[in-house]
$ cat upload_0.cif   # mmCIF, C-alpha atoms
data_final
loop_
_atom_site.group_PDB
_atom_site.id
_atom_site.type_symbol
_atom_site.label_atom_id
_atom_site.label_comp_id
_atom_site.auth_asym_id
_atom_site.auth_seq_id
_atom_site.Cartn_x
_atom_site.Cartn_y
_atom_site.Cartn_z
ATOM 1 C CA MET A 1 -26.065 16.168 134.639
ATOM 2 C CA ASN A 2 -22.522 15.060 135.299
ATOM 3 C CA PRO A 3 -20.091 17.828 134.117
ATOM 4 C CA TYR A 4 -17.685 15.223 132.706
ATOM 5 C CA LEU A 5 -20.430 13.638 130.653
ATOM 6 C CA ALA A 6 -21.609 17.045 129.410
ATOM 7 C CA THR A 7 -18.035 17.953 128.422
ATOM 8 C CA ALA A 8 -17.595 14.642 126.601
ATOM 9 C CA ILE A 9 -20.874 15.138 124.704
ATOM 10 C CA ALA A 10 -19.886 18.710 123.783
ATOM 11 C CA MET A 11 -16.468 17.539 122.562
ATOM 12 C CA CYS A 12 -18.079 14.793 120.440
ATOM 13 C CA ALA A 13 -20.435 17.368 118.912
ATOM 14 C CA ILE A 14 -17.493 19.691 118.127
ATOM 15 C CA ILE A 15 -15.555 16.818 116.514
ATOM 16 C CA LEU A 16 -18.566 15.772 114.422
ATOM 17 C CA LEU A 17 -19.135 19.357 113.257
ATOM 18 C CA SER A 18 -15.423 19.690 112.413
ATOM 19 C CA LEU A 19 -15.478 16.464 110.396
ATOM 20 C CA ALA A 20 -18.611 17.530 108.520
ATOM 21 C CA GLY A 21 -17.089 20.948 107.769
ATOM 22 C CA THR A 22 -13.814 19.377 106.581
ATOM 23 C CA ALA A 23 -15.677 16.922 104.351
ATOM 24 C CA TYR A 24 -17.735 19.756 102.850
ATOM 25 C CA LEU A 25 -14.644 21.888 102.154
ATOM 26 C CA ALA A 26 -12.832 18.924 100.602
ATOM 27 C CA ALA A 27 -15.781 18.225 98.300
ATOM 28 C CA VAL A 28 -16.031 21.886 97.240
ATOM 29 C CA MET A 29 -12.287 22.171 96.605
ATOM 30 C CA ASN A 30 -12.251 18.904 94.643
ATOM 31 C CA ARG A 31 -15.185 20.045 92.502
ATOM 32 C CA ARG A 32 -13.511 23.416 91.793
ATOM 33 C CA ALA A 33 -10.181 21.755 90.942
ATOM 34 C CA LYS A 34 -11.948 19.475 88.452
ATOM 35 C CA GLU A 35 -13.795 22.450 86.936
ATOM 36 C CA ASP A 36 -10.498 24.352 86.545
ATOM 37 C CA LEU A 37 -8.810 21.341 84.942
ATOM 38 C CA LEU A 38 -11.737 20.750 82.593
ATOM 39 C CA ALA A 39 -11.686 24.428 81.566
ATOM 40 C CA ARG A 40 -8.025 24.001 80.552
ATOM 41 C CA LEU A 41 -8.433 20.603 78.860
ATOM 42 C CA GLU A 42 -11.558 21.312 76.771
ATOM 43 C CA PRO A 43 -9.820 23.775 74.381
ATOM 44 C CA LEU A 44 -7.093 21.165 73.787
ATOM 45 C CA ALA A 45 -9.702 18.505 73.088
ATOM 46 C CA ALA A 46 -11.295 20.859 70.550
ATOM 47 C CA VAL A 47 -7.958 21.172 68.699
ATOM 48 C CA ILE A 48 -7.830 17.404 68.140
ATOM 49 C CA ASP A 49 -11.599 16.813 67.836
ATOM 50 C CA GLY A 50 -11.309 14.580 70.868
ATOM 51 C CA THR A 51 -12.451 14.186 74.426
ATOM 52 C CA ALA A 52 -11.216 15.495 77.747
ATOM 53 C CA ASP A 53 -10.976 13.132 80.721
ATOM 54 C CA VAL A 54 -10.665 15.024 83.999
ATOM 55 C CA GLU A 55 -10.164 11.892 86.096
ATOM 56 C CA GLU A 56 -7.136 10.872 83.998
ATOM 57 C CA ALA A 57 -6.099 14.504 83.300
ATOM 58 C CA ARG A 58 -5.786 13.870 79.563
ATOM 59 C CA VAL A 59 -7.207 14.662 76.157
ATOM 60 C CA GLU A 60 -7.255 12.236 73.270
ATOM 61 C CA GLY A 61 -8.249 12.648 69.651
ATOM 62 C CA ARG A 62 -6.738 12.941 66.172
ATOM 63 C CA TYR A 63 -4.403 15.470 64.619
ATOM 64 C CA ASP A 64 -4.190 15.202 60.820
ATOM 65 C CA GLY A 65 -5.261 11.561 61.034
ATOM 66 C CA GLN A 66 -2.795 10.541 63.754
ATOM 67 C CA ILE A 67 -3.792 9.681 67.308
ATOM 68 C CA ALA A 68 -2.869 12.639 69.499
ATOM 69 C CA ILE A 69 -2.732 12.742 73.284
ATOM 70 C CA GLY A 70 -2.109 15.503 75.803
ATOM 71 C CA ARG A 71 -1.790 14.432 79.412
ATOM 72 C CA ILE A 72 -0.458 15.242 82.845
ATOM 73 C CA ALA A 73 1.945 12.657 84.252
ATOM 74 C CA THR A 74 3.956 12.294 87.419
ATOM 75 C CA ALA A 75 7.709 12.595 86.977
ATOM 76 C CA GLN A 76 9.942 9.626 87.776
ATOM 77 C CA GLY A 77 10.255 9.181 91.497
ATOM 78 C CA GLY A 78 7.099 11.254 92.033
ATOM 79 C CA PHE A 79 9.004 14.558 91.988
ATOM 80 C CA GLY A 80 6.781 17.045 90.201
ATOM 81 C CA ARG A 81 4.458 16.828 87.259
ATOM 82 C CA LEU A 82 5.032 16.707 83.533
ATOM 83 C CA PHE A 83 2.841 17.566 80.591
ATOM 84 C CA HIS A 84 3.152 15.170 77.638
ATOM 85 C CA VAL A 85 2.062 15.962 74.102
ATOM 86 C CA GLU A 86 2.174 12.750 72.050
ATOM 87 C CA LEU A 87 1.564 11.662 68.489
ATOM 88 C CA VAL A 88 1.321 7.963 67.708
ATOM 89 C CA ASP A 89 3.908 7.326 64.991
ATOM 90 C CA SER A 90 5.145 3.751 65.050
ATOM 91 C CA VAL A 91 7.899 3.274 62.517
ATOM 92 C CA GLY A 92 10.178 1.031 64.581
ATOM 93 C CA GLY A 93 13.885 1.630 64.614
ATOM 94 C CA GLN A 94 16.042 3.222 67.292
ATOM 95 C CA ARG A 95 15.068 5.295 70.282
ATOM 96 C CA TRP A 96 16.313 8.876 70.598
ATOM 97 C CA GLU A 97 15.815 11.832 72.913
ATOM 98 C CA TRP A 98 16.792 15.483 72.724
ATOM 99 C CA SER A 99 16.509 17.392 76.000
ATOM 100 C CA SER A 100 16.973 20.916 77.293
ATOM 101 C CA LEU A 101 17.909 21.478 80.933
ATOM 102 C CA PRO A 102 18.374 24.997 82.279
ATOM 103 C CA ASP A 103 21.385 25.612 84.508
ATOM 104 C CA LYS A 104 21.395 28.614 86.855
ATOM 105 C CA LYS A 105 25.184 28.834 86.638
ATOM 106 C CA LEU A 106 25.226 29.008 82.834
ATOM 107 C CA PRO A 107 23.619 31.583 80.542
ATOM 108 C CA ASP A 108 22.368 28.904 78.133
ATOM 109 C CA PRO A 109 20.572 25.645 78.914
ATOM 110 C CA ILE A 110 22.333 22.316 78.550
ATOM 111 C CA ARG A 111 20.961 20.623 75.443
ATOM 112 C CA THR A 112 21.826 17.013 74.699
ATOM 113 C CA PHE A 113 20.955 14.253 72.257
ATOM 114 C CA GLU A 114 20.769 10.663 73.486
ATOM 115 C CA GLY A 115 20.920 8.060 70.779
ATOM 116 C CA ASP A 116 23.017 6.960 67.841
ATOM 117 C CA PRO A 117 25.082 9.911 66.471
ATOM 118 C CA ALA A 118 24.573 8.570 62.943
ATOM 119 C CA LEU A 119 20.815 8.637 63.521
ATOM 120 C CA ARG A 120 21.068 12.251 64.740
ATOM 121 C CA GLU A 121 22.792 13.143 61.503
ATOM 122 C CA ARG A 122 20.161 11.353 59.401
ATOM 123 C CA LEU A 123 17.360 13.058 61.346
ATOM 124 C CA ALA A 124 18.631 16.454 60.129
ATOM 125 C CA ILE A 125 16.404 18.222 62.666
ATOM 126 C CA ASP A 126 17.279 21.705 63.904
ATOM 127 C CA PHE A 127 16.217 21.015 67.497
ATOM 128 C CA GLU A 128 17.217 24.529 68.566
ATOM 129 C CA ALA A 129 14.651 25.970 66.142
ATOM 130 C CA GLU A 130 12.007 23.395 67.060
ATOM 131 C CA ALA A 131 12.507 24.231 70.759
ATOM 132 C CA ALA A 132 10.829 27.598 70.165
ATOM 133 C CA VAL A 133 7.475 25.796 70.328
ATOM 134 C CA VAL A 134 7.929 25.598 74.115
ATOM 135 C CA PRO A 135 7.136 28.922 75.795
ATOM 136 C CA ASP A 136 10.208 30.309 77.578
ATOM 137 C CA ASP A 137 12.303 27.444 76.188
ATOM 138 C CA ARG A 138 15.562 28.849 77.633
ATOM 139 C CA ALA A 139 14.288 28.441 81.215
ATOM 140 C CA GLN A 140 12.089 25.329 80.901
ATOM 141 C CA ARG A 141 12.983 21.661 81.370
ATOM 142 C CA PHE A 142 11.669 19.796 78.336
ATOM 143 C CA GLY A 143 12.551 17.285 75.690
ATOM 144 C CA PHE A 144 11.575 15.623 72.423
ATOM 145 C CA LEU A 145 11.543 11.837 72.380
ATOM 146 C CA TYR A 146 10.911 9.012 69.940
ATOM 147 C CA ASP A 147 10.059 5.699 71.611
ATOM 148 C CA PRO A 148 9.798 2.783 69.152
ATOM 149 C CA ASP A 149 8.367 0.461 71.845
ATOM 150 C CA ALA A 150 5.456 2.801 72.551
ATOM 151 C CA GLY A 151 5.285 3.834 68.890
ATOM 152 C CA MET A 152 5.113 7.560 69.504
ATOM 153 C CA VAL A 153 6.852 10.905 69.291
ATOM 154 C CA ARG A 154 6.531 12.961 72.477
ATOM 155 C CA LEU A 155 7.186 16.419 73.832
ATOM 156 C CA THR A 156 7.634 16.291 77.598
ATOM 157 C CA ARG A 157 7.633 19.532 79.569
ATOM 158 C CA GLU A 158 7.945 20.189 83.264
ATOM 159 C CA MET A 159 4.860 21.743 84.838
ATOM 160 C CA ARG A 160 5.585 24.663 87.151
ATOM 161 C CA SER A 161 2.134 24.635 88.711
ATOM 162 C CA ARG A 162 -0.846 22.335 88.874
ATOM 163 C CA LEU A 163 -2.547 24.060 85.944
ATOM 164 C CA ASP A 164 0.510 24.738 83.752
ATOM 165 C CA ILE A 165 -1.214 23.358 80.663
ATOM 166 C CA PRO A 166 -0.619 24.881 77.222
ATOM 167 C CA ASP A 167 -3.285 26.995 75.565
ATOM 168 C CA ALA A 168 -4.953 25.730 72.396
ATOM 169 C CA GLU A 169 -2.662 27.574 69.957
ATOM 170 C CA THR A 170 0.500 26.395 71.717
ATOM 171 C CA PHE A 171 -0.874 22.841 71.784
ATOM 172 C CA ARG A 172 -1.609 23.016 68.046
ATOM 173 C CA ALA A 173 1.921 24.319 67.349
ATOM 174 C CA GLN A 174 3.427 21.556 69.494
ATOM 175 C CA LEU A 175 1.465 18.915 67.591
ATOM 176 C CA ALA A 176 2.660 20.397 64.276
ATOM 177 C CA THR A 177 6.245 20.228 65.570
ATOM 178 C CA LEU A 178 5.802 16.589 66.590
ATOM 179 C CA ARG A 179 4.387 15.840 63.145
ATOM 180 C CA ARG A 180 7.528 17.325 61.519
ATOM 181 C CA LEU A 181 9.742 15.360 63.908
ATOM 182 C CA GLY A 182 7.809 12.190 63.099
ATOM 183 C CA GLU A 183 8.267 12.711 59.360
ATOM 184 C CA ALA A 184 12.012 13.280 59.803
ATOM 185 C CA ASN A 185 12.176 10.237 62.065
ATOM 186 C CA ARG A 186 10.474 8.011 59.467
ATOM 187 C CA ARG A 187 12.984 9.078 56.822
ATOM 188 C CA ALA A 188 15.928 8.571 59.213
ATOM 189 C CA GLN A 189 14.773 5.163 60.525
ATOM 190 C CA GLU A 190 14.191 3.620 57.094
ATOM 191 C CA PRO A 191 17.047 1.364 55.996
ATOM 192 C CA PRO A 192 19.053 2.766 53.083
ATOM 193 C CA ARG A 193 18.032 1.335 49.741
ATOM 194 C CA ALA A 194 20.563 -0.481 47.572
#

$ encode --input "upload_0.cif" --output "structure tokens"
Amino acid sequence: MNPYLATAIAMCAIILLSLAGTAYLAAVMNRRAKEDLLARLEPLAAVIDGTADVEEARVEGRYDGQIAIGRIATAQGGFGRLFHVELVDSVGGQRWEWSSLPDKKLPDPIRTFEGDPALRERLAIDFEAEAAVVPDDRAQRFGFLYDPDAGMVRLTREMRSRLDIPDAETFRAQLATLRRLGEANRRAQEPPRA
């Protein structure tokens, strides 16, 4: 047999074995990643008597009668991942956002409110106290948001790792916080009565 032909056949066999091995490892790793994600999402789904969707990386159900969602999202520009906890609460009105951004140069995070200052006053929410629902709130990037177009109140938190998903008790506490924020928002967004 021609040595060049034998070498070519051997190289093709090596490439085929490498491709088969890579495909097998990719399938195993994908299956394990989905199992890990499902193990973290199922307790959240139980909190809201809902379902977990591994393909969409989200849970959806009801919390005290309101539609509740927990989901992983990609940050704007594709830089990192976020975990959203949302309660559908469509009251209309004005958008607002309160955010907390840690700064390595400062001992305390930078906390800001975006929206109408008069609305902030009417909200009468102690955001500093409500921030305690986020574990390690002094070092995390997170925010509370009301979006009248989407009709929901949301807690958005930066994920530090692929599986940085809250446990069931933290998720329940975050939903309770969003419920309180939604109630305050409804009172603040209603027009004053004559």

$ atom_distance --input "upload_0.cif" --atom1 "CA of Arg160 (chain A)" --atom2 "CA of Asp49 (chain A)"
27.0 Å

$ atom_distance --input "upload_0.cif" --atom1 "CA of Thr177 (chain A)" --atom2 "CA of Arg95 (chain A)"
18.0 Å

$ residues_around --input "upload_0.cif" --residues "Ala39 (chain A)" --least-positions-apart "4" --cutoff "12 Å" --atoms "only C-alpha atoms" --output "ChimeraX atom specification"
/A:32-35,43-46,52-54,57,163,165-168

$ axis_aligned_box --input "upload_0.cif" --around "region 179-189 of chain A" --padding-each-side "4 Å" --output "lines of an AutoDock Vina configuration file"
center_x = 10.2
center_y = 11.2
center_z = 60.4
size_x = 19.5
size_y = 20.2
size_z = 15.1

$ closest_residue --input "upload_0.cif" --among "A:Val91, A:Ala73, A:Ile15, A:Leu38" --to "Gly151 (chain A)" --atoms "all atoms listed in the file"
A:Val91

$ closest_residue --input "upload_0.cif" --among "A:Ile48, A:Ala75, A:Val134, A:Val85" --to "Leu155 (chain A)" --atoms "all atoms listed in the file"
A:Val85

$ closest_residue --input "upload_0.cif" --among "A:Gln66, A:Thr156, A:Gln189, A:Gln76" --to "Ser100 (chain A)" --atoms "all atoms listed in the file"
A:Thr156

$ resolve_selection --input "upload_0.cif" --expression "the PyMOL selection byres ((chain A and resi 108-114) around 10)" --output "MDAnalysis selection string"
chainID A and resid 95:107 115:117 120 127:128 137:145

$ atom_distance --input "upload_0.cif" --atom1 "CA of Arg172 (chain A)" --atom2 "CA of Glu56 (chain A)"
20.8 Å

$ resolve_selection --input "upload_0.cif" --expression "the PyMOL selection byres ((chain A and resi 69) around 9)" --output "PyMOL selection string"
chain A and resi 48+58-62+67-68+70-71+84-88
